[in-house]
Each structure stands twice: as structure tokens, then as C-alpha cells.
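For reference, coords.cif is printed below; it contains mmCIF, C-alpha atoms and all ligand atoms.
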```cif
data_work
loop_
_atom_site.label_atom_id
_atom_site.label_comp_id
_atom_site.auth_asym_id
_atom_site.auth_seq_id
_atom_site.Cartn_x
_atom_site.Cartn_y
_atom_site.Cartn_z
CA MET A 7 -24.39 38.82 -23.41
CA VAL A 8 -23.61 37.26 -26.78
CA ILE A 9 -24.71 38.84 -30.07
CA ILE A 10 -24.75 36.90 -33.35
CA ILE A 11 -24.32 39.13 -36.41
CA LYS A 12 -26.13 38.59 -39.72
CA ASP A 13 -23.93 37.42 -42.65
CA LYS A 14 -24.74 40.43 -44.78
CA ALA A 15 -23.65 43.04 -42.20
CA THR A 16 -20.78 45.27 -43.32
CA GLU A 17 -17.70 45.91 -41.21
CA GLU A 18 -18.82 49.50 -40.81
CA GLN A 19 -22.21 48.44 -39.41
CA VAL A 20 -20.56 46.03 -36.97
CA GLY A 21 -18.17 48.78 -35.86
CA GLU A 22 -21.10 51.14 -35.32
CA LEU A 23 -22.93 48.54 -33.20
CA MET A 24 -19.82 48.01 -31.06
CA GLU A 25 -19.45 51.76 -30.60
CA TRP A 26 -23.06 51.92 -29.36
CA LEU A 27 -22.45 49.04 -26.94
CA HIS A 28 -19.36 50.74 -25.51
CA GLY A 29 -21.70 53.53 -24.41
CA PHE A 30 -23.04 51.08 -21.79
CA ASN A 31 -19.60 50.78 -20.19
CA VAL A 32 -18.93 47.25 -21.39
CA LYS A 33 -16.06 45.78 -23.38
CA THR A 34 -16.71 43.98 -26.65
CA ASN A 35 -14.93 41.04 -28.16
CA LEU A 36 -15.57 40.39 -31.86
CA VAL A 37 -15.00 36.79 -32.88
CA THR A 38 -14.94 36.12 -36.65
CA GLY A 39 -15.50 32.47 -37.51
CA ILE A 40 -15.75 30.80 -40.91
CA HIS A 41 -19.53 31.05 -41.03
CA SER A 42 -20.46 33.74 -38.56
CA ARG A 43 -19.41 36.71 -36.48
CA ILE A 44 -20.19 36.97 -32.79
CA ILE A 45 -19.77 39.86 -30.37
CA GLY A 46 -19.19 38.87 -26.76
CA LEU A 47 -19.89 41.50 -24.12
CA ILE A 48 -17.76 41.68 -21.01
CA GLY A 49 -18.86 43.66 -17.95
CA ASP A 50 -22.15 44.61 -16.35
CA THR A 51 -24.83 44.25 -19.04
CA THR A 52 -27.84 44.73 -16.74
CA SER A 53 -28.65 48.17 -18.16
CA ILE A 54 -28.68 46.94 -21.77
CA ASP A 55 -32.18 46.31 -23.09
CA ILE A 56 -32.02 42.98 -24.92
CA ASP A 57 -34.95 43.99 -27.17
CA ALA A 58 -33.13 47.14 -28.25
CA VAL A 59 -30.17 44.98 -29.32
CA GLN A 60 -32.43 42.51 -31.10
CA ALA A 61 -34.13 45.36 -32.94
CA ARG A 62 -30.86 46.33 -34.66
CA GLU A 63 -30.95 45.42 -38.34
CA ILE A 64 -27.68 43.48 -38.38
CA VAL A 65 -28.43 41.38 -35.28
CA GLU A 66 -29.39 37.76 -35.99
CA ALA A 67 -29.84 36.70 -32.36
CA VAL A 68 -28.90 37.82 -28.89
CA ARG A 69 -28.62 35.85 -25.69
CA ARG A 70 -27.90 36.77 -22.11
CA VAL A 71 -25.34 34.53 -20.46
CA GLN A 72 -25.68 36.32 -17.14
CA GLU A 73 -28.87 37.00 -15.22
CA PRO A 74 -30.31 40.51 -15.54
CA TYR A 75 -30.49 40.90 -11.74
CA LYS A 76 -27.40 41.95 -9.86
CA ASN A 77 -28.30 42.80 -6.26
CA ALA A 78 -30.35 39.65 -5.74
CA ASN A 79 -27.82 37.43 -7.52
CA ARG A 80 -25.88 34.87 -5.50
CA ARG A 81 -23.02 35.18 -7.97
CA PHE A 82 -22.19 38.62 -6.56
CA HIS A 83 -23.21 37.87 -2.95
CA PRO A 84 -22.35 34.25 -2.12
CA ASP A 85 -23.41 34.31 1.54
CA ASP A 86 -27.05 33.85 2.53
CA THR A 87 -28.80 37.03 3.62
CA VAL A 88 -30.17 36.86 7.15
CA ILE A 89 -32.83 39.40 8.05
CA GLU A 90 -33.14 40.37 11.67
CA VAL A 91 -36.35 41.98 12.75
CA GLY A 92 -38.06 42.40 16.11
CA GLY A 93 -35.51 40.15 17.78
CA LYS A 94 -36.17 37.32 15.28
CA LYS A 95 -34.22 36.12 12.26
CA ILE A 96 -35.34 35.02 8.82
CA GLY A 97 -32.71 33.03 6.93
CA GLY A 98 -29.39 31.64 8.06
CA GLY A 99 -30.39 28.11 9.00
CA THR A 100 -33.29 28.51 11.41
CA LEU A 101 -36.89 27.99 10.35
CA SER A 102 -39.23 30.90 11.09
CA VAL A 103 -42.98 30.51 11.12
CA ILE A 104 -45.31 33.38 10.32
CA ALA A 105 -48.90 32.60 11.30
CA GLY A 106 -52.22 34.32 11.81
CA PRO A 107 -55.51 35.08 10.15
CA CYS A 108 -55.95 35.96 6.51
CA SER A 109 -57.69 39.19 7.58
CA VAL A 110 -57.73 41.12 10.81
CA GLU A 111 -61.43 40.91 11.78
CA THR A 112 -62.25 41.84 15.38
CA GLU A 113 -60.02 42.62 18.34
CA ASP A 114 -61.20 39.55 20.19
CA ARG A 115 -60.63 37.16 17.28
CA LEU A 116 -57.20 38.59 16.49
CA MET A 117 -56.03 38.41 20.12
CA GLN A 118 -57.24 34.84 20.54
CA THR A 119 -55.50 33.76 17.33
CA ALA A 120 -52.32 35.68 18.16
CA LEU A 121 -52.05 34.04 21.58
CA ALA A 122 -52.79 30.61 20.11
CA VAL A 123 -50.14 30.83 17.37
CA LYS A 124 -47.60 32.10 19.87
CA GLU A 125 -48.40 29.21 22.19
CA ALA A 126 -47.90 26.79 19.28
CA GLY A 127 -44.44 28.25 18.58
CA ALA A 128 -44.96 30.78 15.77
CA ASP A 129 -42.27 33.46 15.45
CA PHE A 130 -44.30 36.16 13.68
CA LEU A 131 -47.95 37.17 13.58
CA ARG A 132 -49.57 37.83 10.21
CA GLY A 133 -52.94 39.45 9.41
CA GLY A 134 -54.27 41.47 6.51
CA ALA A 135 -55.61 44.97 7.15
CA PHE A 136 -55.76 45.85 3.45
CA LYS A 137 -57.14 42.90 1.50
CA PRO A 138 -56.77 42.28 -2.23
CA ARG A 139 -60.06 40.50 -2.97
CA THR A 140 -61.24 39.19 -6.32
CA SER A 141 -64.71 40.63 -5.70
CA PRO A 142 -65.25 44.30 -4.84
CA TYR A 143 -68.24 43.14 -2.77
CA ALA A 144 -66.13 40.90 -0.51
CA PHE A 145 -64.65 42.13 2.81
CA GLN A 146 -61.88 44.58 1.94
CA GLY A 147 -60.11 44.70 5.32
CA LEU A 148 -60.28 47.06 8.28
CA GLY A 149 -57.57 49.38 6.97
CA LYS A 150 -55.95 51.58 9.64
CA GLU A 151 -58.02 49.99 12.39
CA GLY A 152 -56.57 46.61 11.40
CA ILE A 153 -53.02 47.98 11.59
CA ASP A 154 -53.73 49.36 15.09
CA LEU A 155 -55.09 45.98 16.20
CA LEU A 156 -51.97 44.22 14.90
CA ILE A 157 -49.77 46.63 16.86
CA GLN A 158 -51.85 45.89 19.95
CA ALA A 159 -51.50 42.13 19.34
CA ARG A 160 -47.72 42.55 19.09
CA LYS A 161 -47.77 44.33 22.45
CA GLU A 162 -49.66 41.44 24.03
CA THR A 163 -47.72 38.58 22.47
CA GLY A 164 -44.29 40.02 21.68
CA LEU A 165 -44.60 38.60 18.16
CA PRO A 166 -43.34 40.89 15.36
CA ILE A 167 -46.06 41.61 12.78
CA VAL A 168 -46.38 41.07 9.03
CA THR A 169 -49.08 42.76 6.98
CA GLU A 170 -49.77 43.62 3.35
CA ILE A 171 -49.53 47.01 1.69
CA MET A 172 -51.71 47.48 -1.37
CA ASP A 173 -51.35 51.16 -2.11
CA LEU A 174 -48.44 53.54 -1.86
CA SER A 175 -50.67 56.23 -0.36
CA ASP A 176 -51.00 54.05 2.79
CA LEU A 177 -47.23 53.82 3.33
CA ASP A 178 -47.23 56.08 6.43
CA LEU A 179 -49.56 53.65 8.19
CA PHE A 180 -46.85 50.98 7.95
CA ALA A 181 -44.22 52.92 9.92
CA ASP A 182 -44.57 50.64 12.95
CA ILE A 183 -44.99 47.36 11.04
CA ASP A 184 -42.10 44.88 11.26
CA ILE A 185 -42.37 43.25 7.81
CA VAL A 186 -44.32 44.77 4.93
CA GLN A 187 -45.86 42.20 2.62
CA VAL A 188 -46.30 42.82 -1.10
CA GLY A 189 -49.01 40.46 -2.30
CA ALA A 190 -48.99 38.32 -5.42
CA ARG A 191 -51.18 40.78 -7.30
CA ASN A 192 -48.77 43.63 -6.65
CA MET A 193 -45.55 41.78 -7.47
CA GLN A 194 -45.09 43.96 -10.54
CA ASN A 195 -46.40 47.21 -9.09
CA PHE A 196 -43.08 48.84 -9.84
CA THR A 197 -43.94 52.23 -8.32
CA LEU A 198 -44.77 50.50 -5.02
CA LEU A 199 -41.62 48.35 -5.18
CA LYS A 200 -39.39 51.37 -5.80
CA ALA A 201 -40.95 53.26 -2.89
CA LEU A 202 -40.40 50.27 -0.58
CA GLY A 203 -36.83 50.21 -1.84
CA ARG A 204 -36.35 53.61 -0.26
CA CYS A 205 -37.60 52.38 3.16
CA ASP A 206 -35.49 50.69 5.78
CA LYS A 207 -37.97 47.89 6.34
CA PRO A 208 -37.99 44.19 5.45
CA VAL A 209 -40.29 43.41 2.52
CA LEU A 210 -41.92 40.00 2.07
CA LEU A 211 -42.39 39.82 -1.69
CA LYS A 212 -44.88 37.25 -2.98
CA ARG A 213 -44.57 35.59 -6.36
CA GLY A 214 -47.24 36.72 -8.82
CA LEU A 215 -50.01 34.35 -9.88
CA SER A 216 -48.28 33.51 -13.14
CA ALA A 217 -44.85 35.01 -12.66
CA THR A 218 -41.63 33.22 -13.48
CA LEU A 219 -38.90 32.98 -10.87
CA GLN A 220 -36.83 35.39 -12.94
CA GLU A 221 -39.68 37.90 -12.86
CA LEU A 222 -39.89 37.48 -9.07
CA LEU A 223 -36.16 38.13 -8.81
CA MET A 224 -36.44 41.17 -11.08
CA SER A 225 -39.14 42.54 -8.76
CA ALA A 226 -36.80 41.97 -5.80
CA GLU A 227 -34.20 43.84 -7.85
CA TYR A 228 -36.56 46.84 -8.09
CA ILE A 229 -36.59 47.07 -4.28
CA MET A 230 -32.89 46.37 -3.85
CA SER A 231 -31.70 48.74 -6.57
CA GLU A 232 -33.23 51.60 -4.56
CA GLY A 233 -31.13 50.68 -1.52
CA ASN A 234 -33.27 48.28 0.54
CA SER A 235 -31.58 44.89 0.65
CA LYS A 236 -34.00 43.37 3.17
CA VAL A 237 -36.12 41.36 0.75
CA ILE A 238 -37.72 38.02 1.58
CA LEU A 239 -39.08 35.98 -1.35
CA CYS A 240 -42.31 34.03 -1.03
CA GLU A 241 -43.60 31.19 -3.20
CA ARG A 242 -47.39 30.99 -2.72
CA GLY A 243 -48.44 28.75 -5.57
CA ILE A 244 -48.87 29.52 -9.24
CA ARG A 245 -51.82 29.23 -11.62
CA THR A 246 -51.99 25.93 -13.45
CA PHE A 247 -54.74 23.87 -15.13
CA GLU A 248 -55.44 21.90 -11.91
CA PRO A 249 -58.78 22.89 -10.36
CA GLU A 250 -58.54 20.72 -7.21
CA THR A 251 -56.27 23.25 -5.54
CA ARG A 252 -56.46 27.05 -5.55
CA ASN A 253 -52.94 27.18 -7.01
CA THR A 254 -50.12 24.70 -7.56
CA LEU A 255 -47.26 24.85 -5.08
CA ASP A 256 -43.96 25.07 -6.95
CA ILE A 257 -41.78 23.40 -4.36
CA SER A 258 -38.82 23.35 -6.76
CA ALA A 259 -38.77 27.13 -6.35
CA VAL A 260 -37.00 26.60 -3.01
CA PRO A 261 -33.84 24.83 -4.24
CA LEU A 262 -33.89 26.81 -7.50
CA LEU A 263 -34.08 30.19 -5.79
CA ARG A 264 -31.46 28.98 -3.31
CA GLN A 265 -29.06 28.50 -6.24
CA LYS A 266 -29.88 31.80 -7.90
CA THR A 267 -30.16 34.16 -4.95
CA HIS A 268 -28.91 34.79 -1.43
CA LEU A 269 -32.30 36.13 -0.26
CA PRO A 270 -34.39 34.19 2.30
CA ILE A 271 -37.19 32.01 0.91
CA VAL A 272 -40.65 31.59 2.40
CA ILE A 273 -43.33 29.09 1.44
CA ASP A 274 -47.01 29.91 1.92
CA PRO A 275 -48.82 26.56 1.81
CA SER A 276 -52.19 28.20 2.59
CA HIS A 277 -52.61 30.27 -0.59
CA ALA A 278 -50.67 27.64 -2.55
CA THR A 279 -53.34 25.01 -1.93
CA GLY A 280 -56.48 26.78 -0.72
CA VAL A 281 -57.35 23.60 1.19
CA GLY A 282 -56.84 23.32 4.96
CA SER A 283 -56.06 19.60 4.91
CA LEU A 284 -53.18 20.14 2.46
CA VAL A 285 -51.46 22.86 4.45
CA GLU A 286 -49.60 20.66 6.93
CA PRO A 287 -48.17 18.16 4.38
CA MET A 288 -47.07 20.98 2.08
CA ALA A 289 -45.52 22.87 4.99
CA VAL A 290 -43.52 19.81 6.04
CA CYS A 291 -42.47 19.36 2.40
CA ALA A 292 -41.29 22.98 2.24
CA VAL A 293 -39.12 22.48 5.31
CA ALA A 294 -37.60 19.36 3.75
CA ALA A 295 -36.90 21.35 0.56
CA GLY A 296 -34.97 23.90 2.62
CA ALA A 297 -37.33 26.86 3.05
CA ASP A 298 -36.22 29.53 5.53
CA ALA A 299 -39.74 30.29 6.68
CA LEU A 300 -43.41 29.37 6.34
CA GLU A 301 -46.42 31.64 6.22
CA ILE A 302 -49.57 29.87 7.41
CA GLU A 303 -53.13 31.12 7.83
CA VAL A 304 -54.69 30.29 11.18
CA HIS A 305 -58.17 31.31 12.34
CA ILE A 306 -59.89 30.82 15.66
CA ASP A 307 -62.99 29.59 13.79
CA PRO A 308 -62.26 29.02 10.07
CA LYS A 309 -65.88 28.31 9.13
CA SER A 310 -66.87 31.85 10.10
CA ALA A 311 -63.73 33.61 8.75
CA TRP A 312 -64.32 36.77 6.71
CA SER A 313 -61.77 35.60 4.12
CA ASP A 314 -59.94 32.38 3.20
CA GLY A 315 -61.66 30.17 5.79
CA ALA A 316 -61.29 27.02 3.66
CA GLN A 317 -57.50 27.17 3.81
CA SER A 318 -57.19 28.35 7.42
CA LEU A 319 -56.13 25.99 10.19
CA THR A 320 -57.74 25.99 13.61
CA PRO A 321 -55.34 26.64 16.50
CA ALA A 322 -55.47 22.90 17.31
CA GLN A 323 -54.62 21.95 13.71
CA PHE A 324 -51.83 24.52 13.68
CA THR A 325 -50.41 23.20 16.96
CA SER A 326 -50.37 19.69 15.56
CA ALA A 327 -48.84 20.88 12.24
CA MET A 328 -46.13 22.75 14.17
CA LYS A 329 -45.06 19.50 15.86
CA LYS A 330 -44.41 17.90 12.47
CA ILE A 331 -42.86 21.08 11.06
CA ARG A 332 -40.40 21.36 13.95
CA ALA A 333 -39.69 17.61 13.80
CA MET A 334 -38.80 17.93 10.11
CA GLU A 335 -36.66 20.95 10.89
CA ARG A 336 -34.75 18.98 13.55
CA PHE A 337 -34.40 15.99 11.24
CA CYS A 338 -32.95 18.13 8.42
CA ARG A 339 -30.55 19.88 10.78
CA GLU A 340 -29.30 16.58 12.24
CA GLU A 341 -28.99 15.06 8.76
CA LEU A 342 -26.75 17.94 7.72
CA ARG A 343 -24.41 17.51 10.65
C1 LIG A 401 -52.34 37.04 1.82
O1 LIG A 401 -51.23 36.64 2.23
O2 LIG A 401 -53.27 37.32 2.55
C2 LIG A 401 -52.55 37.15 0.37
C3 LIG A 401 -53.53 37.89 -0.13
O3 LIG A 401 -51.69 36.42 -0.33
P1 LIG A 401 -51.36 36.39 -1.92
O4 LIG A 401 -50.92 37.76 -2.27
O5 LIG A 401 -50.27 35.38 -2.00
O6 LIG A 401 -52.61 35.95 -2.63
MN MN A 402 -55.54 34.89 2.61
#
```
File written out as C-alpha cells:
Amino acid sequence: MVIIIKDKATEEQVGELMEWLHGFNVKTNLVTGIHSRIIGLIGDTTSIDIDAVQAREIVEAVRRVQEPYKNANRRFHPDDTVIEVGGKKIGGGTLSVIAGPCSVETEDRLMQTALAVKEAGADFLRGGAFKPRTSPYAFQGLGKEGIDLLIQARKETGLPIVTEIMDLSDLDLFADIDIVQVGARNMQNFTLLKALGRCDKPVLLKRGLSATLQELLMSAEYIMSEGNSKVILCERGIRTFEPETRNTLDISAVPLLRQKTHLPIVIDPSHATGVGSLVEPMAVCAVAAGADALEIEVHIDPKSAWSDGAQSLTPAQFTSAMKKIRAMERFCREELR
């Protein structure tokens, strides 16, 4: 952190500011130039509130030179994090595919979809039991019954399961879930994030509708600072002015996050586009950009889906998309050799 001091500040005021900063366990270095004075901070500045510094009367400007996230930062953890769950890995050079319906609907539909995605080569089964819907009149999910059906589908297919938690009071229901998803709308539900930080369970954290990558990383930091380092980041499209797609896929998030963090990166081309025909090309693109995993919505009969039918692939479309996805994965791996 670098602090620029106002011209009129007295030596006593500057000394007092430095004293205050030392209380945060950092060292200060006062540089007096011809036209200005600057205090450079050395050490871990993550606990210093930049607004509190800016609010000081003698401070002209303040800038962070280091990111405010520590646990998620590649600078302090150069090697990629690989998360192992249910005999599968996310991160570390292999591409994982998470697939399944938006919502868990009926036993029959879930089982058919689960078997179909497994057959097509998916590594994980997804399905929402608690659904964050824009309308309170839309299908809200089966709740506990949905969780039980997912566990049954795992038994039949062997695929580890991924499902979304919306409310902390449901946490006990997730005890037997392999990966807990935090949806875009809950990315900054800090109470939920902290509680998940105290669990020993991988968390798939989705980027908020209009969240910056730094905000996403700060949310990951909430989980990690409580002790859970198994965080998987997911880009699922952000709000822009473009109405042709549900969101706009920020594909640059993959290489950018790769530089900034060691955490695995997932792309969700289904929510990113909202359009079934765009899912395959965006998925292939995500693999080329270096994503560690994909999360794709697949439904046995999208036109009758209880949620997100327009962006869901049929099993046949998913099977065909998987061929291109795996071909791109092989191509990238061979190119790197
Ligand atoms: C979902 O994955 O079903 C979902 C609701 O996604 P998002 O939080 O990205 O909208
Ligand atoms: Mn959905």
C-alpha cells in the first residue's frame, strides 16, 4: 500500500499516522521528495481498510499495490490447487465436466439424465434441489427430496454430485453432497460463505451477476480465511447491455483468474448464454482458454423442463458437444507437449 500525504500536513500528523499504521503489524517507509511525501507500507496490509486510510485528513490518495486477498492469491501459493472429490479431480491439467438438469424434477427424469450424461463422459452430476428463481411463483425446487434423489442417482451412476445451497439453515442436508454450489445471487452472502469455510467440503463459487473478478476472489477469500481451501471458481456470464443472450460470457476471466489465483476455474456456458445452440461453441472456447472444468445443463426433454429449458441440451446434443469438447482438450494437451 502506498499513501500520498497532503502538502499541508505537519510532521507531527505524519508521525501520528505512521504510529496508527504500525498497529496493523506493518513497517512504514516515509519518502520525502521535493514536492510530496509518500508512505510505503511493507508487510501484510490485508487487514487495513483502505477507506479508513483515505478518510484521514492528511491523506491525499492511497493505493494498494498488492491484492487484498491472500489465501486465494497465486503470489503466495504458486502451484495450482487440485481438488479431489469422489475419486475425481478438478484442476491440475485434466478437464472435468459437470452435467445434469437445472433442477431435480422427478426420479425418472433425473435417473435418465444422469445415465445419459455418464454415458456421454461427464465426470460429475449436477442438479438443483433449492432453486434461486427470479419469480416467487416459479418452481422453487424439491428441497430435501431433491437432495435424496441426487444421492440415489450417485448410487446408480457412480458420479459425484454438485448441488446449490441457498440458505445456511439447510446446511445439514448437504452432509452427503460432494460439491456444494454457491449460486451467483449468493456470491456475497458472507454469512453463508463463512459457514462453508468451516466445512471440509469443496465449494463451487459462482461469480455474481455484476461482480468483478476481484469481488469473486474476495468471496473465495471469505471461505478460505475460515479454513476451507477447497474453492472452485465459476464464471457463468455477467450482465451487460446485450439482450440476445441471458448474460455475456467473460472468457477472459479464465486466463485472468489463472494469473491471479491458484484455484480451479469452471465455465458455465449454459447460464452464460441462456441459449442451447450457443452452449457447445462456448464450451469448446472455454476449453481452449484453459478452463479446468465445465458445468453444462442437460435435460432429457428441454421443452418440458421445469426451469432453464431454453439453455438445456438434450442428451444427444450433449453427447455431440462432448466429442468436440474432448477433441479440443486433446488438441490443447498435445499442443502443450
Ligand atoms: C444454477 O447453476 O442452477 C444456477 C442457478 O446458476 P447461477 O447461480 O449461475 O445463476
Ligand atoms: Mn439453471
Show me which residues line ligand MN 402 (chain A), defined as having an atom within 8 Å of a ligand atom where all atoms listed in the file count, and present them as a ChimeraX atom specification. /A:107-109,134,276-277,303,313-314
Ligand LIG 401 (chain A) neighbours within 10 Å using only C-alpha atoms and all ligand atoms, as a ChimeraX atom specification: /A:106-109,132-140,168-170,172,187-193,210-215,240-244,253,273-278,301-303,313-314
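The gap separating CA of Leu219 (chain A) from CA of Val91 (chain A) is 25.4 Å, in Å to one decimal.
Between CA of Phe30 (chain A) and CA of Thr52 (chain A) there is a distance of 9.4 Å.
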For Phe145 (chain A), work out the shell of residues within 7 Å, counting all atoms listed in the file and skipping chain neighbours fewer than 2 positions away, then give it as a list in words.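 So, after excluding close chain neighbours, the residues are Tyr143, Gly147 and Trp312 of chain A.
For the choices A:Ser225, A:Ile40, A:Ile48, A:Gly29, the atom-to-atom distance to Val8 (chain A) is smallest for A:Ile48 when using only C-alpha atoms.
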